[in-house]
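Encoded as structure tokens, the structure appears first; notes follow it.
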Amino acid sequence: MTNVIEASGLVKRYKDVTALAGLDLEVPEGTVLGLLGPNGAGKTTAVSILSTLLEPDEGQAIVAGKDVRKDPKGVRRLIGLSGQYAAVDEHLTGFENLDMIGRLYHLGKTRSRERARELLEIFDLTEAGDRPVKTYSGGMRRRLDLAGAIVAEPPVLFLDEPSSGLDPRSRVDLWEVIRDLVTEGATLLLTTQYLEEADQLADDIVVIDHGHEIAHGSSDQLKTQVGGERIEVTVSELNHVDTAHEILTTFAVGEIRIDHHSRGLTAPIAGGASTLTQALRDLDARGVVVQDVGLRRPTLDDVFLSLTGHVAEEEAAAGNGGRRANRPEELEEASR
Amino acid sequence: MSQLMTALGDGAVVAKRNVIKIKRVPEILVFVLLSPIMFVLLFAFVFGGAIDVAGGSYREFLIAGILAQTVVFGATFTGAGLADDMQKGIIDRFRSLPMSRSAVLVGRTSSDIIYNALSITIMSLTGLLVGWAIRTSFWEAAAGFGLLLLFAYSISWIMAYIGLLVPSVEVINNASFMVIFPLTFVANTFVPLETMPSALQTFAEWNPVSAVTQAARELFGNIPPGTPEPTVWSLQNPILYTLIWVVIFIAIFAPLSIRQYKRAARR
Ligand SMILES: Nc1ncnc2c1ncn2[C@@H]1O[C@H](COP(=O)(O)OP(=O)(O)OP(=O)(O)O)[C@@H](O)[C@H]1O
Ligand SMILES: [Mg+2]
């Protein structure tokens with residue numbers, strides 16, 4: 001499969017901030033790359049460079065076969081962009097906004113109008129379509145902005161935090177639209193703070209911080225890197241905590257965390273449900289009354305926290321950008 | 001489609017968008033139309049009695065000056081509009097589209113002519129009511145109005161550059177006061193040049209705003225017979241001198257603005 005987006009060694013510096021410090025990205029045709037990172041990690045900067053809004057100081061990027069530096073106009077013909085903040089004209093109606101974008105993609109008068117109506121329908125804005133955007137709610141503006149990105153049905157899409165400001169239902173609807181676009185062959189780079197979104201949509205995830213890649217893989221791979229599954233037990237009597245600890249030690253594959261205050265124990269294990277069943281039997285046999293129990297797998301939130309949390313600590317210790325955690329053993333260390 | 005046609009077509013799409021805004025925000029229009037009326041009345045009645053114009057009436061002298069000042073101020077709209085689009089990320093949206101790089105600026109500067117044309121119309125009507133008169137032919141008067149608009153158009157390009165350079169509506173408004181007040185007051189707009197101290201007088205004589213005012217007065221026939229010939233070349237040939245400045249402003253600031261547009265990302 002060919003890479004539709006391919007960037008290597010992207011560097012962007014502002015006065016005293018290095019927004020991107022040598023970022024590489026590859027997105028194969030028809031797939032979704034999720035770009036994750038805390039505030040200020042460089043996500044918007046990366047999207048701006050790939051969508052030709054910003055020139056990188058170093059590095060190069062090819063989008064849909066065109067070089068963003070040498071042929072920005074060629075790139076623009078083939079991309080759709082929805083920036084982090086909805087960029088819609090307040091004084092125009094929803095229809096006029098989309099129609100204008102269609103005209104500027106040179107779709108022609110008839111096609112632009114037809115497409116504008118189609119998109120209003122898709123994004124559930126038909127009723128509000130002929131009202132000035134300043135009467136729209138934040139979520140409606142956001143949807144209109146997204147519609148703007150796909151006016152010309154571009155083969156490559158950049159969505160910078162597309163679901164910020166959307167309610168859960170609109171978010172799920174948006175995911176549907178995005179999935180449809182990808183099914184039809186679009187290639188997508190998406191940044192997001194909602195890890196569930198990356199989990200749902202992205203084939204591949206790149207986690208960045210301070211302009212560096214700090215982890216890369218599918219959602220499952222990242223979760224495995226952070227650590228395996230855990231048993232979480234809450235006992236009903238405080239004096240059962242020690243017994244429970246003793247029993248769980250026989251199953252644990254790592255350090256057990258105890259919270260006396262909530263009478264909770266967390267033990268990393270291997271073996272999933274059967275280990276859990278065995279542990280419960282043993283607890284029961286020793287007369288430990290279990291109030292609550294669960295088998296927990298790391299979520300992408302855990303991944304994110306452990307990765308970026310670790311970086312912050314390392315930085316505090318080293319006092320500079322330092323080296324980033326990017327190997328599994330370092331990640332495991334981070335999760336403890 | 002050739003490149004020029006694309007540029008013009010894109011410019012028209014952007015201009016149309018700005019015109020829709022004029023319709024949707026009538027408040028702007030109210031100020032655009034009311035402030036010239038206020039200006040004419042203030043100057044005509046407050047200064048009218050204090051300032052003598054040899055051989056003519058102050059009100060007749062005044063109108064061309066107010067027209068010049070107003071269209072120059074009107075150019076601020078260009079800068080403010082672009083700064084606003086920049087802040088709202090709309091420029092970023094445009095920049096991600098495969099449209100002509102000059103279209104946003106061409107569309108904006110062109111559509112802003114409409115504001116100026118409207119305020120010129122209202123001002124002229126108010127002027128006629130308080131005693132202004134056009135004493136020349138229709139074509140000469142039309143040339144006078146045309147020259148004022150053209151001059152304003154060239155100032156629009158300066159403001160466009162500032163609007164992209166410092167994308168903040170507040171800064172634009174303050175900056176334009178800083179620049180436009182001296183430019184439009186240290187000129188023959190409101191008082192005859194002879195009344196000024198000599199250093200200011202020299203500045204005023206070569207000030208393009210004086211030239212466009214002088215040109216408009218000539219074209220409207222508002223220079224009373226018997227007025228001594230101006231002593232400097234700029235005011236002896238005000239139309240030519242104005243046109244030279246128009247060319248200079250556009251030649252410098254159109255390319256600068258387009259370059260700034262290409263690299264301007266929202267801060
Ligand atoms: N125009 C600018 N001038 C100076 N610094 C900038 C500019 N734009 C971005 N930065 C800095 O570059 C870094 C990366 O910014 P960027 O907007 O790419 O982050 P982000 O990952 O998109 O963050 P967020 O999640 O908050 O949107 C930040 O430290 C930011 O302060
Ligand atoms: Mg961002």
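By convention here, the chains of the structure tokens are called A, B, ... in the order presented, each chain's residues are numbered starting at 1, and ligands are numbered starting at 1 in the order presented.
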
Which residues sit within 6 Å of ligand 1, counting only C-alpha atoms and all ligand atoms, listed as a PDB file with all heavy atoms, in the first residue's frame?
ATOM      1  N   TYR A  14       9.418  28.202  16.825  1.00  0.00           N
ATOM      2  CA  TYR A  14       9.009  29.582  17.045  1.00  0.00           C
ATOM      3  C   TYR A  14      10.070  30.173  17.957  1.00  0.00           C
ATOM      4  O   TYR A  14      10.922  29.431  18.449  1.00  0.00           O
ATOM      5  CB  TYR A  14       7.620  29.642  17.675  1.00  0.00           C
ATOM      6  CG  TYR A  14       6.542  29.152  16.742  1.00  0.00           C
ATOM      7  CD1 TYR A  14       5.961  27.903  16.906  1.00  0.00           C
ATOM      8  CD2 TYR A  14       6.151  29.937  15.671  1.00  0.00           C
ATOM      9  CE1 TYR A  14       4.984  27.457  16.033  1.00  0.00           C
ATOM     10  CE2 TYR A  14       5.171  29.489  14.788  1.00  0.00           C
ATOM     11  CZ  TYR A  14       4.595  28.258  14.977  1.00  0.00           C
ATOM     12  OH  TYR A  14       3.642  27.821  14.116  1.00  0.00           O
ATOM     13  N   VAL A  17      10.278  28.376  21.315  1.00  0.00           N
ATOM     14  CA  VAL A  17       9.605  27.085  21.429  1.00  0.00           C
ATOM     15  C   VAL A  17       9.931  26.260  20.193  1.00  0.00           C
ATOM     16  O   VAL A  17       9.909  26.773  19.081  1.00  0.00           O
ATOM     17  CB  VAL A  17       8.066  27.258  21.453  1.00  0.00           C
ATOM     18  CG1 VAL A  17       7.401  25.949  21.844  1.00  0.00           C
ATOM     19  CG2 VAL A  17       7.659  28.383  22.363  1.00  0.00           C
ATOM     20  N   ALA A  19       8.201  23.710  18.251  1.00  0.00           N
ATOM     21  CA  ALA A  19       6.874  23.106  18.172  1.00  0.00           C
ATOM     22  C   ALA A  19       6.962  21.694  17.609  1.00  0.00           C
ATOM     23  O   ALA A  19       6.254  20.800  18.053  1.00  0.00           O
ATOM     24  CB  ALA A  19       5.956  23.972  17.328  1.00  0.00           C
ATOM     25  N   PRO A  38      -0.654  15.843  24.395  1.00  0.00           N
ATOM     26  CA  PRO A  38      -1.236  16.847  25.295  1.00  0.00           C
ATOM     27  C   PRO A  38      -1.213  18.232  24.650  1.00  0.00           C
ATOM     28  O   PRO A  38      -0.664  18.396  23.562  1.00  0.00           O
ATOM     29  CB  PRO A  38      -0.307  16.800  26.508  1.00  0.00           C
ATOM     30  CG  PRO A  38       0.991  16.293  25.986  1.00  0.00           C
ATOM     31  CD  PRO A  38       0.652  15.381  24.849  1.00  0.00           C
ATOM     32  N   ASN A  39      -1.798  19.205  25.309  1.00  0.00           N
ATOM     33  CA  ASN A  39      -1.802  20.573  24.794  1.00  0.00           C
ATOM     34  C   ASN A  39      -0.376  21.028  24.514  1.00  0.00           C
ATOM     35  O   ASN A  39       0.525  20.800  25.312  1.00  0.00           O
ATOM     36  CB  ASN A  39      -2.414  21.545  25.812  1.00  0.00           C
ATOM     37  CG  ASN A  39      -3.905  21.311  25.981  1.00  0.00           C
ATOM     38  OD1 ASN A  39      -4.408  21.332  27.081  1.00  0.00           O
ATOM     39  ND2 ASN A  39      -4.606  21.075  24.898  1.00  0.00           N
ATOM     40  N   GLY A  40      -0.203  21.645  23.371  1.00  0.00           N
ATOM     41  CA  GLY A  40       1.111  22.186  23.042  1.00  0.00           C
ATOM     42  C   GLY A  40       2.090  21.164  22.501  1.00  0.00           C
ATOM     43  O   GLY A  40       3.258  21.459  22.292  1.00  0.00           O
ATOM     44  N   ALA A  41       1.608  19.943  22.235  1.00  0.00           N
ATOM     45  CA  ALA A  41       2.502  18.887  21.769  1.00  0.00           C
ATOM     46  C   ALA A  41       2.992  19.129  20.347  1.00  0.00           C
ATOM     47  O   ALA A  41       4.035  18.633  19.951  1.00  0.00           O
ATOM     48  CB  ALA A  41       1.790  17.540  21.848  1.00  0.00           C
ATOM     49  N   GLY A  42       2.218  19.895  19.586  1.00  0.00           N
ATOM     50  CA  GLY A  42       2.621  20.149  18.197  1.00  0.00           C
ATOM     51  C   GLY A  42       1.652  19.573  17.173  1.00  0.00           C
ATOM     52  O   GLY A  42       1.963  19.549  15.985  1.00  0.00           O
ATOM     53  N   LYS A  43       0.492  19.152  17.603  1.00  0.00           N
ATOM     54  CA  LYS A  43      -0.476  18.538  16.695  1.00  0.00           C
ATOM     55  C   LYS A  43      -0.938  19.518  15.609  1.00  0.00           C
ATOM     56  O   LYS A  43      -0.895  19.217  14.417  1.00  0.00           O
ATOM     57  CB  LYS A  43      -1.714  18.036  17.464  1.00  0.00           C
ATOM     58  CG  LYS A  43      -1.383  17.056  18.574  1.00  0.00           C
ATOM     59  CD  LYS A  43      -2.633  16.599  19.304  1.00  0.00           C
ATOM     60  CE  LYS A  43      -3.360  17.684  20.072  1.00  0.00           C
ATOM     61  NZ  LYS A  43      -2.615  18.221  21.223  1.00  0.00           N
ATOM     62  N   THR A  44      -1.373  20.693  16.065  1.00  0.00           N
ATOM     63  CA  THR A  44      -1.867  21.679  15.099  1.00  0.00           C
ATOM     64  C   THR A  44      -0.758  22.130  14.158  1.00  0.00           C
ATOM     65  O   THR A  44      -0.981  22.312  12.956  1.00  0.00           O
ATOM     66  CB  THR A  44      -2.471  22.884  15.847  1.00  0.00           C
ATOM     67  OG1 THR A  44      -3.555  22.406  16.650  1.00  0.00           O
ATOM     68  CG2 THR A  44      -2.990  23.937  14.895  1.00  0.00           C
ATOM     69  N   THR A  45       0.435  22.263  14.706  1.00  0.00           N
ATOM     70  CA  THR A  45       1.571  22.641  13.867  1.00  0.00           C
ATOM     71  C   THR A  45       1.782  21.605  12.764  1.00  0.00           C
ATOM     72  O   THR A  45       1.982  21.962  11.598  1.00  0.00           O
ATOM     73  CB  THR A  45       2.838  22.777  14.732  1.00  0.00           C
ATOM     74  OG1 THR A  45       2.543  23.657  15.816  1.00  0.00           O
ATOM     75  CG2 THR A  45       3.991  23.330  13.939  1.00  0.00           C
TER      76      THR A  45
ATOM     77  N   ARG B 267      -2.359  33.429  14.661  1.00  0.00           N
ATOM     78  CA  ARG B 267      -1.559  33.275  15.888  1.00  0.00           C
ATOM     79  C   ARG B 267      -2.439  32.786  17.004  1.00  0.00           C
ATOM     80  O   ARG B 267      -3.584  33.103  17.034  1.00  0.00           O
ATOM     81  CB  ARG B 267      -0.985  34.616  16.319  1.00  0.00           C
ATOM     82  CG  ARG B 267       0.188  35.025  15.503  1.00  0.00           C
ATOM     83  CD  ARG B 267       0.050  36.431  15.015  1.00  0.00           C
ATOM     84  NE  ARG B 267       0.369  36.437  13.596  1.00  0.00           N
ATOM     85  CZ  ARG B 267       1.410  37.070  13.099  1.00  0.00           C
ATOM     86  NH1 ARG B 267       2.190  37.739  13.863  1.00  0.00           N
ATOM     87  NH2 ARG B 267       1.643  37.017  11.807  1.00  0.00           N
TER      88      ARG B 267
END

Would you give me, as a ChimeraX atom specification, the residues in stretch 47-180 of chain B that DSSP reads as alpha helix (DSSP H)? /B:58-74,76-87,90-95,103-130,138-165,169-180

Residues near A:Ala86, cut-off 7 Å, only C-alpha atoms, skip fewer than 5 positions along chain, as a short mmCIF file (atom, residue, chain, number, x, y, z; two decimals) with all heavy atoms, in the first residue's frame:
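Generated file (selection-v6.cif):
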data_model
loop_
_atom_site.label_atom_id
_atom_site.label_comp_id
_atom_site.auth_asym_id
_atom_site.auth_seq_id
_atom_site.Cartn_x
_atom_site.Cartn_y
_atom_site.Cartn_z
N ARG A 141 -21.75 24.92 14.50
CA ARG A 141 -20.65 25.54 13.76
C ARG A 141 -19.58 24.52 13.44
O ARG A 141 -19.02 24.48 12.36
CB ARG A 141 -19.99 26.63 14.60
CG ARG A 141 -20.80 27.86 14.67
CD ARG A 141 -20.24 28.78 15.72
NE ARG A 141 -21.30 29.68 16.11
CZ ARG A 141 -21.17 31.00 16.20
NH1 ARG A 141 -20.02 31.55 15.97
NH2 ARG A 141 -22.20 31.73 16.51
N ARG A 142 -19.29 23.72 14.45
CA ARG A 142 -18.28 22.68 14.29
C ARG A 142 -18.66 21.75 13.13
O ARG A 142 -17.84 21.41 12.30
CB ARG A 142 -18.22 21.91 15.61
CG ARG A 142 -17.14 20.93 15.75
CD ARG A 142 -15.81 21.59 15.99
NE ARG A 142 -14.92 21.21 14.91
CZ ARG A 142 -13.63 21.53 14.87
NH1 ARG A 142 -13.09 22.27 15.80
NH2 ARG A 142 -12.89 21.13 13.88
N ASP A 145 -18.21 23.43 9.84
CA ASP A 145 -16.80 23.52 9.50
C ASP A 145 -16.31 22.19 8.92
O ASP A 145 -15.57 22.16 7.93
CB ASP A 145 -16.00 23.89 10.74
CG ASP A 145 -14.57 24.24 10.41
OD1 ASP A 145 -14.37 25.27 9.74
OD2 ASP A 145 -13.66 23.49 10.79
#

Please report the interatomic distance between atom CA of A:Val172 and atom CA of A:Leu195 in Å with one decimal. 13.6 Å

Could you name the residues that touch A:Ser112 at 9 Å or less, counting only C-alpha atoms, but leaving out those on the same chain fewer than 4 positions away, as an NGL selection string? :A and (98-103 or 105-108 or 116-117 or 151-152)

Using only C-alpha atoms, which residues sit within 7 Å of A:Glu26 once same-chain residues fewer than 2 positions away are excluded, as a PyMOL selection string? chain A and resi 3+5-7+24+28

Please write the residues from the selection above to a file, keeping N, CA and C atoms, as a tab-separated table (two decimals), in the first residue's frame.
chain	number	residue	atom	x	y	z
A	3	ASN	N	1.90	5.16	0.66
A	3	ASN	CA	1.61	6.18	1.66
A	3	ASN	C	1.06	7.43	0.98
A	5	ILE	N	0.17	10.13	2.86
A	5	ILE	CA	0.84	11.21	3.58
A	5	ILE	C	2.16	10.66	4.06
A	6	GLU	N	3.22	11.37	3.75
A	6	GLU	CA	4.52	10.90	4.18
A	6	GLU	C	5.35	12.11	4.56
A	7	ALA	N	5.70	12.19	5.83
A	7	ALA	CA	6.49	13.32	6.28
A	7	ALA	C	7.72	12.80	6.98
A	24	ASP	N	8.24	12.32	12.10
A	24	ASP	CA	8.00	11.51	10.90
A	24	ASP	C	6.58	10.97	10.96
A	28	PRO	N	-0.82	5.27	5.18
A	28	PRO	CA	-1.13	4.53	3.95
A	28	PRO	C	-2.51	4.91	3.42

Which of A:Ala87, A:Leu36, A:Leu295, A:Ala273 sits closest to ligand 2 [using only C-alpha atoms and all ligand atoms]: A:Leu36

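Among the candidates A:Asp67, A:Leu159, A:Ser236, A:Arg113, the one nearest to ligand 2 when counting only C-alpha atoms and all ligand atoms is A:Leu159.
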